[in-house]
Structures are given as C-alpha cells and as structure tokens.
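Shown next: input29.cif, given as mmCIF, C-alpha atoms and all ligand atoms.
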```cif
data_query
#
loop_
_atom_site.label_atom_id
_atom_site.label_comp_id
_atom_site.auth_asym_id
_atom_site.auth_seq_id
_atom_site.Cartn_x
_atom_site.Cartn_y
_atom_site.Cartn_z
CA MET H 1 4.85 8.96 6.56
CA THR H 2 5.52 9.70 10.21
CA SER H 3 6.36 7.04 12.76
CA SER H 4 3.44 7.82 15.05
CA ASP H 5 0.85 7.07 12.45
CA ALA H 6 -1.97 5.74 14.61
CA PRO H 7 -5.40 6.66 13.27
CA SER H 8 -6.92 9.91 14.42
CA THR H 9 -10.39 8.52 13.78
CA THR H 10 -11.81 5.46 15.48
CA VAL H 11 -11.70 2.22 13.56
CA LEU H 12 -15.18 1.20 12.45
CA ASP H 13 -16.61 -1.74 14.32
CA ALA H 14 -15.20 -4.32 11.98
CA GLU H 15 -17.82 -6.97 12.64
CA ALA H 16 -20.66 -4.53 12.06
CA ALA H 17 -19.26 -2.83 8.96
CA TYR H 18 -18.11 -5.97 7.20
CA ALA H 19 -20.94 -8.45 7.76
CA VAL H 20 -19.74 -12.04 7.40
CA ARG H 21 -21.42 -14.33 4.90
CA PRO H 22 -19.80 -17.58 6.03
CA HIS H 23 -18.36 -20.04 3.53
CA PRO H 24 -20.81 -22.96 3.20
CA SER H 25 -17.95 -25.45 2.85
CA PRO H 26 -14.64 -24.12 4.23
CA LEU H 27 -11.53 -26.18 3.61
CA PRO H 28 -11.54 -29.16 6.02
CA GLU H 29 -9.26 -28.80 9.04
CA ALA H 30 -6.82 -31.49 7.88
CA ASP H 31 -6.41 -29.88 4.45
CA ARG H 32 -5.92 -26.46 6.04
CA GLN H 33 -3.26 -27.86 8.36
CA ALA H 34 -1.52 -29.41 5.36
CA ALA H 35 -1.65 -26.08 3.49
CA LEU H 36 -0.28 -24.26 6.55
CA ALA H 37 2.55 -26.73 7.12
CA GLU H 38 4.50 -25.58 4.08
CA PRO H 39 2.91 -22.47 2.61
CA ARG H 40 4.26 -21.23 -0.72
CA PHE H 41 3.90 -17.49 -1.23
CA GLY H 42 0.70 -16.48 -2.96
CA THR H 43 -0.50 -19.95 -3.95
CA VAL H 44 -3.01 -20.81 -1.23
CA PHE H 45 -5.78 -18.49 -0.03
CA THR H 46 -8.01 -18.49 3.02
CA ASP H 47 -11.72 -19.38 2.96
CA HIS H 48 -12.97 -15.78 2.80
CA MET H 49 -12.31 -12.38 1.27
CA ALA H 50 -13.35 -8.91 2.41
CA ARG H 51 -15.08 -6.76 -0.13
CA ALA H 52 -16.81 -3.43 -0.70
CA THR H 53 -18.30 -1.82 -3.77
CA TRP H 54 -18.14 1.81 -4.87
CA THR H 55 -20.30 3.70 -7.30
CA ALA H 56 -20.07 7.39 -8.07
CA GLY H 57 -23.69 7.84 -6.96
CA ALA H 58 -23.70 5.81 -3.73
CA GLY H 59 -20.06 5.91 -2.60
CA TRP H 60 -18.71 2.89 -0.69
CA HIS H 61 -21.38 0.35 0.23
CA ASP H 62 -22.15 -3.36 0.48
CA ARG H 63 -19.19 -4.02 2.79
CA ARG H 64 -18.97 -7.73 3.51
CA VAL H 65 -16.77 -10.75 4.16
CA GLU H 66 -17.77 -13.46 1.72
CA PRO H 67 -16.50 -16.85 0.55
CA TYR H 68 -13.26 -16.60 -1.42
CA GLY H 69 -13.95 -17.31 -5.06
CA PRO H 70 -13.83 -16.17 -8.69
CA LEU H 71 -15.19 -12.75 -9.56
CA GLN H 72 -17.75 -12.11 -12.23
CA LEU H 73 -16.50 -9.35 -14.50
CA ASP H 74 -18.10 -7.82 -17.55
CA PRO H 75 -15.76 -8.13 -20.56
CA ALA H 76 -16.02 -4.35 -20.94
CA ALA H 77 -14.93 -3.72 -17.32
CA ALA H 78 -12.56 -0.74 -17.46
CA VAL H 79 -9.70 -2.49 -15.63
CA LEU H 80 -9.41 -5.06 -18.43
CA HIS H 81 -8.76 -2.31 -20.98
CA TYR H 82 -6.99 0.60 -19.29
CA GLY H 83 -5.45 -1.06 -16.26
CA GLN H 84 -6.94 1.00 -13.40
CA GLU H 85 -5.78 -1.23 -10.52
CA ILE H 86 -3.88 -0.59 -7.28
CA PHE H 87 -2.86 -2.85 -4.43
CA GLU H 88 -1.21 -3.07 -1.02
CA GLY H 89 0.75 -5.75 0.79
CA LEU H 90 1.05 -6.25 4.52
CA LYS H 91 1.18 -9.15 6.95
CA ALA H 92 -0.67 -10.48 10.00
CA TYR H 93 1.91 -11.77 12.48
CA PRO H 94 1.18 -14.46 15.10
CA HIS H 95 2.40 -13.60 18.60
CA GLU H 96 3.42 -16.08 21.25
CA ASP H 97 0.23 -15.52 23.31
CA GLY H 98 -2.04 -16.41 20.39
CA SER H 99 -2.92 -12.83 19.42
CA VAL H 100 -2.50 -11.62 15.83
CA TRP H 101 -1.01 -8.25 14.92
CA THR H 102 -0.17 -6.20 11.89
CA PHE H 103 2.55 -3.60 11.29
CA ARG H 104 1.80 0.08 10.58
CA PRO H 105 -1.45 -0.59 8.69
CA TRP H 106 -2.30 3.14 8.77
CA ALA H 107 0.72 3.79 6.57
CA ASN H 108 -0.57 1.21 4.07
CA ALA H 109 -4.07 2.72 4.27
CA ASP H 110 -2.73 6.19 3.53
CA ARG H 111 -0.57 4.90 0.69
CA PHE H 112 -3.57 3.04 -0.74
CA ALA H 113 -5.49 6.32 -0.79
CA ALA H 114 -2.56 8.11 -2.42
CA SER H 115 -2.28 5.37 -5.07
CA ALA H 116 -6.03 5.64 -5.70
CA ARG H 117 -5.75 9.39 -6.27
CA ARG H 118 -2.97 8.93 -8.83
CA ILE H 119 -4.87 6.26 -10.79
CA ALA H 120 -8.19 8.16 -10.57
CA LEU H 121 -9.85 5.49 -8.42
CA PRO H 122 -12.01 6.42 -5.39
CA GLU H 123 -10.23 6.79 -2.06
CA LEU H 124 -11.11 4.28 0.62
CA PRO H 125 -11.16 5.85 4.12
CA ARG H 126 -8.28 4.54 6.31
CA GLU H 127 -10.72 3.27 8.97
CA ASP H 128 -12.53 1.28 6.29
CA PHE H 129 -9.23 -0.25 5.15
CA LEU H 130 -8.48 -1.27 8.74
CA ALA H 131 -11.98 -2.63 9.30
CA ALA H 132 -11.72 -4.86 6.22
CA LEU H 133 -8.37 -6.31 7.35
CA THR H 134 -9.68 -6.87 10.86
CA ALA H 135 -12.90 -8.54 9.74
CA LEU H 136 -11.09 -10.88 7.35
CA VAL H 137 -8.36 -11.87 9.81
CA ARG H 138 -10.93 -12.48 12.57
CA THR H 139 -13.04 -14.62 10.26
CA ASP H 140 -10.05 -16.63 9.00
CA SER H 141 -7.89 -16.53 12.15
CA ALA H 142 -7.40 -20.32 11.95
CA TRP H 143 -5.41 -19.57 8.79
CA VAL H 144 -2.71 -17.54 10.53
CA PRO H 145 0.28 -19.89 10.47
CA ARG H 146 2.11 -20.33 13.76
CA GLY H 147 5.85 -20.68 13.50
CA GLU H 148 9.18 -19.01 12.93
CA GLU H 149 8.84 -16.16 10.42
CA MET H 150 5.41 -17.35 9.34
CA SER H 151 2.58 -14.93 8.70
CA LEU H 152 -0.68 -14.36 6.87
CA TYR H 153 0.02 -12.12 3.87
CA LEU H 154 -2.80 -9.63 3.29
CA ARG H 155 -3.42 -8.29 -0.18
CA PRO H 156 -5.88 -5.37 -0.39
CA PHE H 157 -6.59 -4.23 -3.95
CA MET H 158 -9.00 -2.09 -5.92
CA PHE H 159 -9.97 -2.04 -9.56
CA ALA H 160 -12.23 -0.20 -12.01
CA SER H 161 -15.28 -2.35 -12.64
CA GLU H 162 -17.52 -0.11 -14.73
CA ARG H 163 -18.73 -1.62 -18.00
CA PHE H 164 -17.62 1.17 -20.33
CA LEU H 165 -14.95 1.46 -23.01
CA GLY H 166 -14.64 5.24 -22.94
CA VAL H 167 -11.37 6.59 -21.60
CA ARG H 168 -12.24 8.36 -18.35
CA PRO H 169 -12.13 7.38 -14.68
CA SER H 170 -14.46 4.49 -13.90
CA LEU H 171 -17.70 5.33 -12.09
CA GLU H 172 -17.65 1.94 -10.35
CA ALA H 173 -14.93 0.17 -8.38
CA GLU H 174 -14.44 -2.95 -6.29
CA PHE H 175 -12.23 -3.16 -3.19
CA LEU H 176 -11.15 -6.57 -1.94
CA VAL H 177 -8.78 -8.08 0.57
CA ILE H 178 -7.53 -11.62 0.10
CA ALA H 179 -5.14 -13.47 2.41
CA SER H 180 -2.46 -16.08 1.86
CA PRO H 181 -0.43 -17.93 4.51
CA VAL H 182 3.32 -17.52 3.96
CA GLY H 183 6.38 -19.19 5.40
CA PRO H 184 9.86 -17.74 5.82
CA TYR H 185 10.92 -15.92 2.63
CA PHE H 186 14.30 -17.58 2.91
CA ALA H 187 13.73 -21.23 3.77
CA GLY H 188 16.99 -22.45 5.30
CA GLY H 189 18.38 -19.05 6.25
CA VAL H 190 18.86 -15.62 4.69
CA ARG H 191 20.52 -15.90 1.30
CA PRO H 192 22.04 -12.85 -0.40
CA VAL H 193 20.61 -12.09 -3.83
CA SER H 194 22.34 -11.08 -7.05
CA ILE H 195 21.18 -7.91 -8.76
CA TRP H 196 21.40 -6.83 -12.38
CA VAL H 197 21.34 -3.05 -12.84
CA ALA H 198 19.16 -2.29 -15.89
CA GLN H 199 20.57 0.48 -18.06
CA ASP H 200 18.15 0.14 -20.97
CA PHE H 201 14.81 -0.11 -19.13
CA HIS H 202 13.23 2.21 -16.57
CA ARG H 203 10.47 1.57 -14.09
CA ALA H 204 9.15 5.12 -13.76
CA GLY H 205 9.60 8.64 -15.05
CA ALA H 206 9.01 12.13 -13.65
CA GLY H 207 5.30 12.82 -13.27
CA GLY H 208 4.46 9.18 -13.91
CA THR H 209 3.04 6.47 -11.67
CA GLY H 210 6.23 5.25 -9.96
CA ALA H 211 5.17 6.41 -6.49
CA ALA H 212 1.82 4.58 -6.69
CA LYS H 213 1.38 0.89 -5.89
CA PHE H 214 -0.13 0.45 -9.30
CA GLY H 215 -0.35 -2.92 -11.08
CA GLY H 216 0.92 -1.46 -14.35
CA ASN H 217 4.27 -0.60 -12.79
CA TYR H 218 4.76 -4.30 -12.19
CA ALA H 219 3.69 -5.24 -15.70
CA GLY H 220 6.39 -2.91 -17.02
CA SER H 221 9.05 -4.48 -14.80
CA LEU H 222 8.48 -8.07 -15.95
CA LEU H 223 10.48 -7.92 -19.18
CA PRO H 224 13.56 -6.30 -17.58
CA GLN H 225 13.21 -8.83 -14.74
CA GLY H 226 13.17 -11.62 -17.32
CA VAL H 227 16.29 -10.22 -18.98
CA ALA H 228 18.06 -10.20 -15.59
CA HIS H 229 16.94 -13.79 -14.92
CA ALA H 230 18.21 -14.91 -18.31
CA LYS H 231 21.62 -13.48 -17.40
CA GLY H 232 21.57 -15.51 -14.18
CA PHE H 233 20.54 -12.78 -11.71
CA ASP H 234 17.81 -12.92 -9.09
CA GLN H 235 16.41 -9.41 -9.53
CA VAL H 236 16.77 -6.17 -11.41
CA CYS H 237 17.61 -2.70 -10.04
CA PHE H 238 16.38 0.35 -11.94
CA LEU H 239 18.14 3.68 -12.45
CA ASP H 240 16.43 7.06 -12.78
CA ALA H 241 14.99 7.64 -16.24
CA ALA H 242 16.19 11.24 -16.53
CA THR H 243 19.95 10.65 -16.23
CA ASN H 244 20.24 6.84 -16.24
CA SER H 245 22.85 7.23 -13.51
CA THR H 246 21.33 7.18 -10.00
CA LEU H 247 19.88 4.24 -8.07
CA GLU H 248 16.11 4.03 -7.75
CA GLU H 249 14.80 0.66 -6.55
CA LEU H 250 14.09 -2.94 -7.47
CA GLY H 251 10.80 -3.94 -9.11
CA GLY H 252 9.16 -4.35 -5.70
CA MET H 253 11.73 -3.43 -3.06
CA ASN H 254 13.60 -0.31 -1.94
CA VAL H 255 17.40 -0.28 -1.64
CA PHE H 256 19.86 0.82 1.04
CA VAL H 257 23.63 1.30 1.02
CA VAL H 258 25.69 0.91 4.22
CA HIS H 259 29.02 2.74 4.15
CA ALA H 260 32.08 1.35 5.92
CA ASP H 261 32.04 4.32 8.35
CA GLY H 262 28.47 3.44 9.49
CA ARG H 263 26.61 6.05 7.43
CA VAL H 264 23.58 4.68 5.60
CA SER H 265 22.01 6.03 2.39
CA THR H 266 18.83 5.30 0.49
CA PRO H 267 17.50 6.95 -2.67
CA GLU H 268 15.41 10.03 -1.87
CA LEU H 269 11.71 10.16 -2.75
CA THR H 270 11.50 12.07 -6.00
CA GLY H 271 8.08 10.89 -7.10
CA THR H 272 9.45 7.97 -9.11
CA ILE H 273 10.14 5.67 -6.15
CA LEU H 274 7.56 3.78 -4.11
CA GLU H 275 7.77 4.86 -0.45
CA GLY H 276 8.06 1.54 1.36
CA VAL H 277 6.74 1.14 4.90
CA THR H 278 9.78 -1.09 5.52
CA ARG H 279 12.05 1.66 4.13
CA SER H 280 10.69 4.35 6.44
CA SER H 281 10.79 1.97 9.44
CA ILE H 282 14.43 1.10 8.75
CA LEU H 283 15.34 4.79 8.45
CA ARG H 284 13.85 5.34 11.90
CA LEU H 285 15.48 2.30 13.54
CA LEU H 286 18.88 3.14 12.07
CA SER H 287 18.77 6.73 13.24
CA ASP H 288 17.55 5.55 16.68
CA ALA H 289 20.67 3.35 16.75
CA GLY H 290 22.92 6.33 16.06
CA HIS H 291 23.58 5.82 12.36
CA GLU H 292 23.79 8.90 10.19
CA VAL H 293 21.09 8.27 7.59
CA ALA H 294 20.70 10.16 4.34
CA GLU H 295 17.92 10.15 1.77
CA ARG H 296 19.69 11.43 -1.31
CA ARG H 297 20.44 10.87 -4.97
CA ILE H 298 22.92 7.97 -5.10
CA PRO H 299 25.04 7.80 -8.27
CA LEU H 300 25.61 4.22 -9.42
CA ALA H 301 29.25 5.18 -10.12
CA GLU H 302 29.74 6.14 -6.45
CA ILE H 303 28.44 2.74 -5.34
CA THR H 304 30.43 0.65 -7.79
CA ALA H 305 33.62 2.57 -6.87
CA GLY H 306 32.75 2.22 -3.17
CA ILE H 307 32.17 -1.53 -3.39
CA ALA H 308 35.48 -1.88 -5.25
CA ASP H 309 37.50 0.16 -2.70
CA GLY H 310 35.66 -1.10 0.39
CA SER H 311 34.03 2.20 1.40
CA VAL H 312 30.62 0.62 0.66
CA ALA H 313 30.32 -2.30 3.08
CA GLU H 314 26.75 -3.54 2.56
CA VAL H 315 23.85 -3.14 0.16
CA PHE H 316 20.39 -4.48 0.92
CA ALA H 317 16.85 -4.41 -0.43
CA CYS H 318 13.71 -4.17 1.70
CA GLY H 319 9.96 -4.70 1.49
CA THR H 320 7.18 -6.38 3.41
CA ALA H 321 7.48 -9.80 1.76
CA ALA H 322 11.20 -10.46 2.34
CA VAL H 323 11.69 -7.80 5.09
CA ILE H 324 15.38 -7.29 4.30
CA THR H 325 17.36 -9.07 1.63
CA PRO H 326 21.14 -8.71 1.54
CA ILE H 327 22.56 -7.98 -1.91
CA GLY H 328 25.69 -10.06 -2.38
CA ARG H 329 26.45 -9.28 -5.99
CA LEU H 330 25.79 -6.17 -8.09
CA ALA H 331 26.43 -6.21 -11.82
CA GLY H 332 25.61 -4.27 -14.95
CA ALA H 333 26.76 -3.89 -18.53
CA ASP H 334 30.36 -3.00 -17.55
CA PHE H 335 30.85 -4.14 -13.96
CA ASP H 336 30.35 -7.23 -11.80
CA LEU H 337 31.05 -6.80 -8.10
CA THR H 338 30.82 -8.86 -4.92
CA VAL H 339 29.52 -6.71 -2.05
CA GLY H 340 31.69 -7.18 1.08
CA ASP H 341 32.37 -10.91 1.33
CA GLY H 342 29.12 -11.72 -0.48
CA THR H 343 27.21 -12.66 2.69
CA SER H 344 24.79 -10.65 4.85
CA GLY H 345 26.66 -7.77 6.51
CA ALA H 346 26.46 -6.89 10.22
CA VAL H 347 24.12 -3.90 9.87
CA THR H 348 21.84 -5.78 7.46
CA THR H 349 21.60 -8.77 9.80
CA ARG H 350 21.03 -6.61 12.89
CA ILE H 351 18.34 -4.37 11.40
CA ARG H 352 16.49 -7.39 10.00
CA ALA H 353 16.42 -9.04 13.43
CA GLN H 354 15.35 -5.79 15.10
CA LEU H 355 12.44 -5.30 12.74
CA THR H 356 11.20 -8.90 12.82
CA ASP H 357 11.50 -8.96 16.64
CA ILE H 358 9.09 -5.99 16.80
CA GLN H 359 6.73 -7.55 14.25
CA TYR H 360 6.55 -10.92 16.04
CA GLY H 361 6.21 -9.31 19.48
CA ARG H 362 9.61 -10.51 20.71
CA ALA H 363 10.82 -6.96 21.35
CA ALA H 364 9.29 -3.73 22.62
CA ASP H 365 7.47 -1.56 20.10
CA PRO H 366 8.81 1.91 20.94
CA HIS H 367 7.06 3.69 18.06
CA GLY H 368 3.58 2.18 18.42
CA TRP H 369 3.83 0.47 15.05
CA MET H 370 1.92 -2.69 15.94
CA HIS H 371 -1.85 -2.93 15.68
CA ARG H 372 -3.82 -5.85 17.06
CA LEU H 373 -6.17 -7.58 14.59
CA ALA H 374 -7.32 -10.63 16.55
C1 LIG Z 1 5.52 -2.47 -2.22
C2 LIG Z 1 6.76 -1.93 -2.83
C3 LIG Z 1 7.92 -1.68 -2.09
C4 LIG Z 1 8.05 -2.04 -0.63
O1 LIG Z 1 7.10 -1.43 0.17
P1 LIG Z 1 6.79 -1.99 1.63
O2 LIG Z 1 5.74 -1.08 2.14
O3 LIG Z 1 8.06 -1.88 2.40
O4 LIG Z 1 6.36 -3.40 1.47
C5 LIG Z 1 9.00 -1.11 -2.73
N1 LIG Z 1 8.96 -0.84 -4.05
C6 LIG Z 1 7.87 -1.08 -4.80
C7 LIG Z 1 7.89 -0.75 -6.25
C8 LIG Z 1 6.73 -1.63 -4.22
O5 LIG Z 1 5.66 -1.86 -4.98
#
```

Just dump the structure as structure tokens.
Amino acid sequence: MTSSDAPSTTVLDAEAAYAVRPHPSPLPEADRQAALAEPRFGTVFTDHMARATWTAGAGWHDRRVEPYGPLQLDPAAAVLHYGQEIFEGLKAYPHEDGSVWTFRPWANADRFAASARRIALPELPREDFLAALTALVRTDSAWVPRGEEMSLYLRPFMFASERFLGVRPSLEAEFLVIASPVGPYFAGGVRPVSIWVAQDFHRAGAGGTGAAKFGGNYAGSLLPQGVAHAKGFDQVCFLDAATNSTLEELGGMNVFVVHADGRVSTPELTGTILEGVTRSSILRLLSDAGHEVAERRIPLAEITAGIADGSVAEVFACGTAAVITPIGRLAGADFDLTVGDGTSGAVTTRIRAQLTDIQYGRAADPHGWMHRLA
C-alpha cells in the first residue's frame, strides 16, 4: 500500500453505474434527526444500500442503489455453509463546508480485491467499489452526521450466494454497501483500554486467511475475546501461532509500540496480520515527523520488560472505527502491567489528532489521502 494511492483509472460515473431505486418511504426527517443525535455504532442504517450481482457467466451486473432491507437467500446459499464472506470498513467524514469525504478508499478497494482472491470470491474493480460508495453516500447524504468526531460508517461486503452444497468456489456472488451513522468512539474523551494477551488461542497461521478481511477470522476471535472479557479486559491481543511469542494484533486493530527514545515499532506483515489503512497511514505520519519507525517481529518478552523498566513508553491500537486507542494495561497469564502512567501518551495523543484533523478537513492533506464523495 503506497501513500499516493489515487486511482489510475477514472471512477465510473457513480450516478449512471449505480442507478437509484428510491425508497418509497424513507425514515421521516424527525426520526432521522433523532437517530443522528446519538448514533450507536452499527445499530442504525440509512435508507438505502448499494448493490451489484456477479455470476460466472455475466460478470458484475445489475448495479443499483435500492431501499435498505432484508435479503432473500436460498437456504443452500454457499455462504451459509462454507463461510465465503469478506468485508471492508471505512468512513464518510463531514467537512465544515458541507462536503463529505472519505479516507484512502483506493487502499480499501485494493484490499477488498486481495481479500476476494484469498477467499475465492470474484474481484470487484476498484472504480466499481468507489462508484458504489459514492452513489450510496450521495443518495443518503442527509444521513451523514454533523458534529465532533461523527461520521457515516461504510460497510462494503461480498458473499457467495450460489445455491449449491458442493465444496468449490461459488459461481454467484452479491456485493453490497450499507451505511451506519456513528458518533465519537470514545464518548466523553479518549479512554485507554486494557488488553489480555491470549497465549492459548491464535487468530491466524502461516498460509491461512489472517491477511484477508474475512468474516471467519472474526468468528474465530469471539471466544478468545469472551475469555478476555470474563477476566475483566476490554480486548484480546494475539501472538503468532508458530512461536507463541511475538505480537500480532487485536481481533480488529493493529498495534504499535512507542519506545522512550522516540522509536516506534509495529509488527511486520508476515501474511498473518491484516494490513490496516490506519496502520500504514500512521507509519507515514510518524516517519514524516522524524520518528524512526520499524516494521519487525516484536517479542512479547521485550515489550513486557520494556514496560517494566520504562523503555517502552506507550502502546496503542489502531483501526478505522476507533482511529487510535491507547492501551493502558497489558496483561497475560504471568504478567499484569500498567503502560506509562496508564493514560494516553504524548505520541499517541498527537498522532490521533493529526490523523483526525486530516480526515475532518481541519489540516492539510499532504499525501492526497482524502477523496470527495459528496
Ligand atoms: C480492519 C482490521 C484492522 C484495521 O484496519 P483499518 O484499515 O485500519 O481499519 C486491523 N486488524 C484487523 C484484523 C482488521 O480486520
């Protein structure tokens, strides 16, 4: 993923490609305003969804924006049996002047295609991905919440829809984008999270699906996440499956370590980690700011010793939903450590502000990361 990832091809004319079939009875204005006043992540959805259908014979066709609503699925649809499903997550950000923008959507489009390849689903062209987002956000622009750290969360996904119980790649697939207004991830200010390091579960193995944004990876993380919750922790961090000794990532966020001397490290991409768009953006912003940044294998033992002796100053997690989440406490079977003074460290706080200032149009966008949707 490079930083100048603008499309080399022209974006399809969104209106033309994704014809709008308007909702006959959209949510009344007053109800929408009420839903937007205090949005809870992933609970309320806009009036429409973007959609396209793929068949092995005809390729992608029947692109449209249609009323949001339940899908009709055959009970033998492949996804219900063998789990062929991938997704993406990105946000539409309101800017002061009323325009609506998204952040590095080409990176999400390319990752969506890479995930599709790994799960043997058809690739969706990046310009098609962009056109679907644009058409949906333009149709439902009244649903973009306006306010501090508010956004419209966009969830593209694709699944195997063929009615067939044989085990082979589906010859039919559905691509959809749904949208949900979201408020600040941390209502009332950024709150550091506590992390349980799982030593008896792994999220991904060599040659597996860990680098794909594949629904099944999440299914596999729910039990370890539940174990961490039961112990009183917010989230779980996974170690590599081969040696059970180096940091990988959380169930849905990448991790960074800030050393007391200003160096910053994050686990290298070995094929078992999901390459976050937030991760790669932070690597760029930190190196722009003069930090020495390393993508490397990070032994858990190095980090626990470093937190204990003060040479590790900050640890944070990152992803689109929460942007950057400070980690205040890190614990596992035989250790329980407070990171720094347990609050958000200086580098964590600064990089979070820098990134959100670019996303909300409050700061210059030196790398051309922003893309206007409406
Ligand atoms: C989506 C995801 C991330 C974060 O990716 P972003 O592009 O930064 O949102 C990290 N890890 C996993 C497992 C993910 O699914």

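Distances to ligand LIG 1 (chain Z) were evaluated for H:Asp31, H:Asp334, H:Glu249, H:Glu268 using all atoms listed in the file, and the minimum falls at H:Glu249.
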
Please list as a list in words every residue within 9 Å of Arg296 (chain H), counting all atoms listed in the file and excluding residues in the same chain fewer than 4 positions away.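 Selected residues are Ser265, Thr266, Pro267, Glu268 and Leu269 of chain H.
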
Can those selected residues be exported to a file as an mmCIF file, in the frame of the given file so that it contains C-alpha atoms?
```cif
data_model
loop_
_atom_site.group_PDB
_atom_site.id
_atom_site.type_symbol
_atom_site.label_atom_id
_atom_site.label_comp_id
_atom_site.auth_asym_id
_atom_site.auth_seq_id
_atom_site.Cartn_x
_atom_site.Cartn_y
_atom_site.Cartn_z
ATOM 1 C CA SER H 265 22.010 6.030 2.390
ATOM 2 C CA THR H 266 18.830 5.300 0.490
ATOM 3 C CA PRO H 267 17.500 6.950 -2.670
ATOM 4 C CA GLU H 268 15.410 10.030 -1.870
ATOM 5 C CA LEU H 269 11.710 10.160 -2.750
#
```

For ligand LIG 1 (chain Z), collect every residue having any atom at a distance of at most 9 Å from a ligand atom (counting all atoms listed in the file); output as a VMD selection string. chain H and resid 87 to 90 107 to 108 111 203 210 to 215 217 to 218 249 to 255 273 to 281 317 to 323

Region 173-184 of chain H: which residues within 8 Å, counting only C-alpha atoms, same-chain residues fewer than 3 positions away excluded, as JSON, numbers by chain? {"H": [36, 38, 39, 40, 41, 42, 43, 44, 45, 46, 48, 49, 50, 51, 52, 53, 54, 55, 68, 121, 122, 132, 133, 136, 143, 144, 145, 148, 149, 150, 151, 152, 153, 154, 155, 156, 157, 158, 159, 160, 161, 162, 170, 187]}

Rounded to one decimal place, report the CA of Glu85 (chain H)-CA of Pro169 (chain H) distance in Å.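 Computing the Euclidean distance for CA of Glu85 (chain H) and CA of Pro169 (chain H) yields 11.5 Å.
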
Tell me which protein, DNA and RNA residues are within 9 Å of region 354-366 of chain H, counting only C-alpha atoms, leaving out same-chain ones fewer than 2 positions away, and put them as a PyMOL selection string. chain H and resi 93-96+101-103+149+278+281-282+285+323+349-352+368-370

What does the distance from CA of Pro22 (chain H) to CA of Glu66 (chain H) come to in Å, to one decimal? 6.3 Å

Spatial neighbours of Pro192 (chain H), max dist 10 Å, only C-alpha atoms, sep filter under 3 positions, as a list in words: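 The neighbour list is Phe186, Gly189, Ile195, Asp234, Val315, Phe316, Ala317, Ile324, Thr325, Pro326, Ile327, Gly328, Arg329, Val339, Gly342, Thr343, Ser344 and Gly345 of chain H.
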
Residue selection dump (C-alpha atoms) as an mmCIF file, in the frame of the given file:
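So the final result, stored in again_33.cif, reads:
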```cif
data_model
loop_
_atom_site.group_PDB
_atom_site.id
_atom_site.type_symbol
_atom_site.label_atom_id
_atom_site.label_comp_id
_atom_site.auth_asym_id
_atom_site.auth_seq_id
_atom_site.Cartn_x
_atom_site.Cartn_y
_atom_site.Cartn_z
ATOM 1 C CA PHE H 186 14.300 -17.580 2.910
ATOM 2 C CA GLY H 189 18.380 -19.050 6.250
ATOM 3 C CA ILE H 195 21.180 -7.910 -8.760
ATOM 4 C CA ASP H 234 17.810 -12.920 -9.090
ATOM 5 C CA VAL H 315 23.850 -3.140 0.160
ATOM 6 C CA PHE H 316 20.390 -4.480 0.920
ATOM 7 C CA ALA H 317 16.850 -4.410 -0.430
ATOM 8 C CA ILE H 324 15.380 -7.290 4.300
ATOM 9 C CA THR H 325 17.360 -9.070 1.630
ATOM 10 C CA PRO H 326 21.140 -8.710 1.540
ATOM 11 C CA ILE H 327 22.560 -7.980 -1.910
ATOM 12 C CA GLY H 328 25.690 -10.060 -2.380
ATOM 13 C CA ARG H 329 26.450 -9.280 -5.990
ATOM 14 C CA VAL H 339 29.520 -6.710 -2.050
ATOM 15 C CA GLY H 342 29.120 -11.720 -0.480
ATOM 16 C CA THR H 343 27.210 -12.660 2.690
ATOM 17 C CA SER H 344 24.790 -10.650 4.850
ATOM 18 C CA GLY H 345 26.660 -7.770 6.510
#
```

Selection as JSON, numbers by chain: residues within 8 Å of (-15.1, -19.7, -3.1), counting all atoms listed in the file: {"H": [23, 47, 48, 67, 68, 69, 70]}

Residues from last step as file, C-alpha atoms, as a PDB file, in the frame of the given file:
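Writing done, so here's selection-v7.pdb:
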```pdb
ATOM      1  CA  HIS H  23     -18.360 -20.040   3.530  1.00  0.00           C
ATOM      2  CA  ASP H  47     -11.720 -19.380   2.960  1.00  0.00           C
ATOM      3  CA  HIS H  48     -12.970 -15.780   2.800  1.00  0.00           C
ATOM      4  CA  PRO H  67     -16.500 -16.850   0.550  1.00  0.00           C
ATOM      5  CA  TYR H  68     -13.260 -16.600  -1.420  1.00  0.00           C
ATOM      6  CA  GLY H  69     -13.950 -17.310  -5.060  1.00  0.00           C
ATOM      7  CA  PRO H  70     -13.830 -16.170  -8.690  1.00  0.00           C
TER       8      PRO H  70
END
```

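Using only C-alpha atoms, the contacts of Arg138 (chain H) at a cut-off of 9 Å, with sequence neighbours closer than 4 positions omitted, comprise Glu15, Leu133, Thr134, Ala142, Leu373 and Ala374 of chain H.
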